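Asks: A single structure is presented below for examination.
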Amino acid sequence: MDDIRGDQTGGGTGGSPADPDGIRGTAAGTAAVPLSVLDLVTVGQGRTASQALRTSVEIAKLTESRGFHRFWVAEHHSMPGVASSSPAVILAHIAAHTERIRLGSGGVMLPNHAPLVIAEQFGTLEAMAPGRIDLGLGRAPGTDGATAAALRRSDRLNEGADDFPQQLMELIRFLDDEFPDGHPYSRIHAVPGPVQATAPGGVQSAHRPPVWLLGSSGFSARLAGTLGLPFAFAHHFSAQNTVPALDLYRESFRPSAVLDAPYALIGVSALAADDEREARRQVLTGALSMVRLRTGRPGLIPSPEEAAAYDFSPMEREFVDGWLANVVHGTADAVRGGLDDLAKRTGADELMITANAHGGEARLRSYELIADAYGLPNAA
């Protein structure tokens, strides 16, 4: 495969002369590593997608004011309880309501899209919020096979995953406007993008979104390491693979124009509440939602009352116990301790927290409590 470890000139919050992309965040307060947010725009029973999106804006504004490094949204489809089917649209909305926090996709599922379309979408986002945009990419569909086939207008789903390295190469070349002479796409340009600087009177933007690879297994870990790209691992739903994948990423890493050393963040399910009982009550809603998703019954996020009253079968109870074992929850001090332990155990360079609960109030309160526990600044 061609070497696609190109220069990802960038900037923005968290950047420095040694790290112009803002890839490496700066830990704030007493946190050992930078803290960030993964938001799924969850829709609870009795709530609308409009309310969920308003909550996401509130979370972005709150976490920006408290010194979190970045705010990402993830592409999902055909899931009533997750309203993040269009990351680029949501990020544009969030960008209009924030000023400093980095914004990005965690991630865009590249096999669902033509690489040119993603280059155009994220070039547009970069023009809207210069130096603040991250482009995180995954190779899974973010949905079931039938929905993926509808998205791609093809039932050859394995082909899309297997072609991921080639799709990635194509996307990066569109972002950099660097197809070689003679390539079928050499005269095709992603706009907004570098080609505008070549037009009479054109001025080149100083930034372009850094590319991250996302994964829940070893494939993307190895690819990210080989290409010298930053890596994000989905610890929140693949905890047993976290340490092996991070080890593989570090072992595979080759310095590039992007990074001279590995940089890995992990997604972590975490929810803090004013007392342990309330935290357990809230995270059980996410566990029940996952039970329904895993058994082919996706729906809206159930209320705490419904989750508490639900009669779990022995098999479901076993799943829930295993799921909650990987959700850091409790009081603010307990969550801080759990996050610190996880960072130390995995060696993660950054923790990206996702707080899944029925209502926006509980999620906002969780981020407030975590920020307070670490003594993060309050710019509000």
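Please note that chains go A, B, ... in the order of the structure tokens, that every chain numbers its residues from 1, and that ligands are numbered from 1 in the order shown.
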Could you give me, as a VMD selection string, the residues within 12 Å of Ala309 of chain A, counting only C-alpha atoms and dropping anything in the same chain fewer than 2 positions from it?
Replies: chain A and resid 281 284 to 285 288 302 to 307 311 to 312
Asks: How about saving the chosen residues, all heavy atoms kept, as an mmCIF file, in the first residue's frame?
Replies:
```
data_model
loop_
_atom_site.group_PDB
_atom_site.id
_atom_site.type_symbol
_atom_site.label_atom_id
_atom_site.label_comp_id
_atom_site.auth_asym_id
_atom_site.auth_seq_id
_atom_site.Cartn_x
_atom_site.Cartn_y
_atom_site.Cartn_z
ATOM 1 N N ARG A 281 -28.644 3.795 39.593
ATOM 2 C CA ARG A 281 -29.981 3.938 39.005
ATOM 3 C C ARG A 281 -29.882 4.475 37.584
ATOM 4 O O ARG A 281 -30.604 4.028 36.682
ATOM 5 C CB ARG A 281 -30.801 4.868 39.897
ATOM 6 C CG ARG A 281 -32.221 5.137 39.465
ATOM 7 C CD ARG A 281 -32.929 5.923 40.562
ATOM 8 N NE ARG A 281 -34.255 6.347 40.128
ATOM 9 C CZ ARG A 281 -34.534 7.509 39.576
ATOM 10 N NH1 ARG A 281 -33.549 8.407 39.386
ATOM 11 N NH2 ARG A 281 -35.764 7.818 39.225
ATOM 12 N N LEU A 284 -28.082 1.939 34.960
ATOM 13 C CA LEU A 284 -28.885 0.758 34.629
ATOM 14 C C LEU A 284 -29.738 1.009 33.397
ATOM 15 O O LEU A 284 -30.063 0.074 32.659
ATOM 16 C CB LEU A 284 -29.770 0.376 35.823
ATOM 17 C CG LEU A 284 -30.450 -0.998 35.736
ATOM 18 C CD1 LEU A 284 -29.436 -2.113 35.597
ATOM 19 C CD2 LEU A 284 -31.352 -1.218 36.960
ATOM 20 N N THR A 285 -30.091 2.278 33.127
ATOM 21 C CA THR A 285 -30.871 2.577 31.925
ATOM 22 C C THR A 285 -30.066 2.263 30.669
ATOM 23 O O THR A 285 -30.599 1.721 29.697
ATOM 24 C CB THR A 285 -31.313 4.050 31.897
ATOM 25 O OG1 THR A 285 -30.176 4.905 31.752
ATOM 26 C CG2 THR A 285 -32.053 4.432 33.185
ATOM 27 N N LEU A 288 -29.862 -1.619 30.254
ATOM 28 C CA LEU A 288 -31.077 -2.194 29.681
ATOM 29 C C LEU A 288 -31.167 -1.864 28.193
ATOM 30 O O LEU A 288 -31.566 -2.710 27.379
ATOM 31 C CB LEU A 288 -32.316 -1.675 30.415
ATOM 32 C CG LEU A 288 -33.671 -2.123 29.857
ATOM 33 C CD1 LEU A 288 -33.760 -3.641 29.747
ATOM 34 C CD2 LEU A 288 -34.813 -1.565 30.714
ATOM 35 N N PRO A 302 -34.512 3.734 28.085
ATOM 36 C CA PRO A 302 -35.584 3.624 29.067
ATOM 37 C C PRO A 302 -35.373 4.569 30.244
ATOM 38 O O PRO A 302 -34.249 5.003 30.524
ATOM 39 C CB PRO A 302 -35.497 2.162 29.516
ATOM 40 C CG PRO A 302 -34.075 1.772 29.260
ATOM 41 C CD PRO A 302 -33.660 2.529 28.027
ATOM 42 N N SER A 303 -36.441 4.867 30.937
ATOM 43 C CA SER A 303 -36.349 5.715 32.126
ATOM 44 C C SER A 303 -35.738 4.924 33.278
ATOM 45 O O SER A 303 -35.760 3.680 33.282
ATOM 46 C CB SER A 303 -37.736 6.202 32.530
ATOM 47 O OG SER A 303 -38.518 5.107 33.000
ATOM 48 N N PRO A 304 -35.204 5.609 34.279
ATOM 49 C CA PRO A 304 -34.681 4.896 35.451
ATOM 50 C C PRO A 304 -35.748 4.037 36.124
ATOM 51 O O PRO A 304 -35.444 2.952 36.629
ATOM 52 C CB PRO A 304 -34.213 6.026 36.368
ATOM 53 C CG PRO A 304 -33.896 7.155 35.449
ATOM 54 C CD PRO A 304 -34.917 7.059 34.360
ATOM 55 N N GLU A 305 -36.980 4.517 36.116
ATOM 56 C CA GLU A 305 -38.061 3.750 36.744
ATOM 57 C C GLU A 305 -38.307 2.437 35.993
ATOM 58 O O GLU A 305 -38.473 1.377 36.607
ATOM 59 C CB GLU A 305 -39.336 4.582 36.787
ATOM 60 C CG GLU A 305 -39.278 5.804 37.700
ATOM 61 C CD GLU A 305 -38.454 6.958 37.133
ATOM 62 O OE1 GLU A 305 -38.239 6.997 35.896
ATOM 63 O OE2 GLU A 305 -38.026 7.825 37.925
ATOM 64 N N GLU A 306 -38.318 2.502 34.667
ATOM 65 C CA GLU A 306 -38.535 1.288 33.891
ATOM 66 C C GLU A 306 -37.368 0.316 34.063
ATOM 67 O O GLU A 306 -37.567 -0.901 34.208
ATOM 68 C CB GLU A 306 -38.698 1.604 32.402
ATOM 69 C CG GLU A 306 -38.925 0.355 31.557
ATOM 70 C CD GLU A 306 -39.038 0.618 30.072
ATOM 71 O OE1 GLU A 306 -38.934 1.790 29.667
ATOM 72 O OE2 GLU A 306 -39.219 -0.358 29.320
ATOM 73 N N ALA A 307 -36.151 0.845 34.057
ATOM 74 C CA ALA A 307 -34.990 -0.020 34.219
ATOM 75 C C ALA A 307 -34.996 -0.702 35.586
ATOM 76 O O ALA A 307 -34.660 -1.887 35.704
ATOM 77 C CB ALA A 307 -33.708 0.785 34.032
ATOM 78 N N ASP A 311 -37.658 -6.990 34.738
ATOM 79 C CA ASP A 311 -37.349 -8.330 35.238
ATOM 80 C C ASP A 311 -36.319 -8.981 34.302
ATOM 81 O O ASP A 311 -36.665 -9.594 33.298
ATOM 82 C CB ASP A 311 -38.626 -9.173 35.305
ATOM 83 C CG ASP A 311 -38.384 -10.542 35.924
ATOM 84 O OD1 ASP A 311 -37.349 -10.708 36.597
ATOM 85 O OD2 ASP A 311 -39.246 -11.427 35.734
ATOM 86 N N PHE A 312 -35.044 -8.828 34.642
ATOM 87 C CA PHE A 312 -33.982 -9.386 33.817
ATOM 88 C C PHE A 312 -33.954 -10.906 33.945
ATOM 89 O O PHE A 312 -34.036 -11.446 35.055
ATOM 90 C CB PHE A 312 -32.619 -8.830 34.242
ATOM 91 C CG PHE A 312 -32.419 -7.369 33.945
ATOM 92 C CD1 PHE A 312 -32.684 -6.401 34.902
ATOM 93 C CD2 PHE A 312 -31.947 -6.969 32.703
ATOM 94 C CE1 PHE A 312 -32.486 -5.050 34.626
ATOM 95 C CE2 PHE A 312 -31.741 -5.617 32.424
ATOM 96 C CZ PHE A 312 -32.018 -4.658 33.385
#
```
Asks: Write out, as JSON lines, each residue of segment 273-373 of chain A that has an atom at most 10 Å from segment 218-232 of chain A, together with the closest pair of atoms and their distance in Å to one decimal, counting only C-alpha atoms, rows going by chain and rising number.
Replies:
```
{"residue": "A:Ala348", "atom": "CA", "partner": "A:Ala232", "partner_atom": "CA", "distance": 9.5}
{"residue": "A:Asp349", "atom": "CA", "partner": "A:Ala232", "partner_atom": "CA", "distance": 10.0}
{"residue": "A:Glu350", "atom": "CA", "partner": "A:Ala232", "partner_atom": "CA", "distance": 9.2}
{"residue": "A:Leu351", "atom": "CA", "partner": "A:Ala232", "partner_atom": "CA", "distance": 9.6}
{"residue": "A:Met352", "atom": "CA", "partner": "A:Ala232", "partner_atom": "CA", "distance": 9.0}
```
Asks: Of the candidates A:Ser366, A:Ser56, A:Gln166, A:Thr26, which shows the shortest atom-to-atom distance to Phe71 of chain A, using only C-alpha atoms?
Replies: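 Among A:Ser366, A:Ser56, A:Gln166, A:Thr26, it is A:Ser56 that comes nearest to Phe71 of chain A.
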Asks: Return the single residue from A:Leu175, A:Leu135, A:Ala373, A:Ile59 that is closest to Val37 of chain A, with distances computed using only C-alpha atoms.
Replies: A:Ile59
Asks: Run DSSP on the backbone and give me the residues of segment 59-275 of chain A it puts in helix (DSSP H, G or I), as a PyMOL selection string.
Replies: chain A and resi 59-65+87-95+110-112+115-128+145-152+157-162+164-176+194-198+218-227+239-252
Asks: Compile the contact shell of Pro209 of chain A as a list in words: residues with an atom at most 7 Å away, counting only C-alpha atoms, same-chain residues fewer than 6 positions apart removed.
Replies: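 The contact residues come out as Gly10, Glu126, Ile133, Asp134 and Leu135 of chain A.
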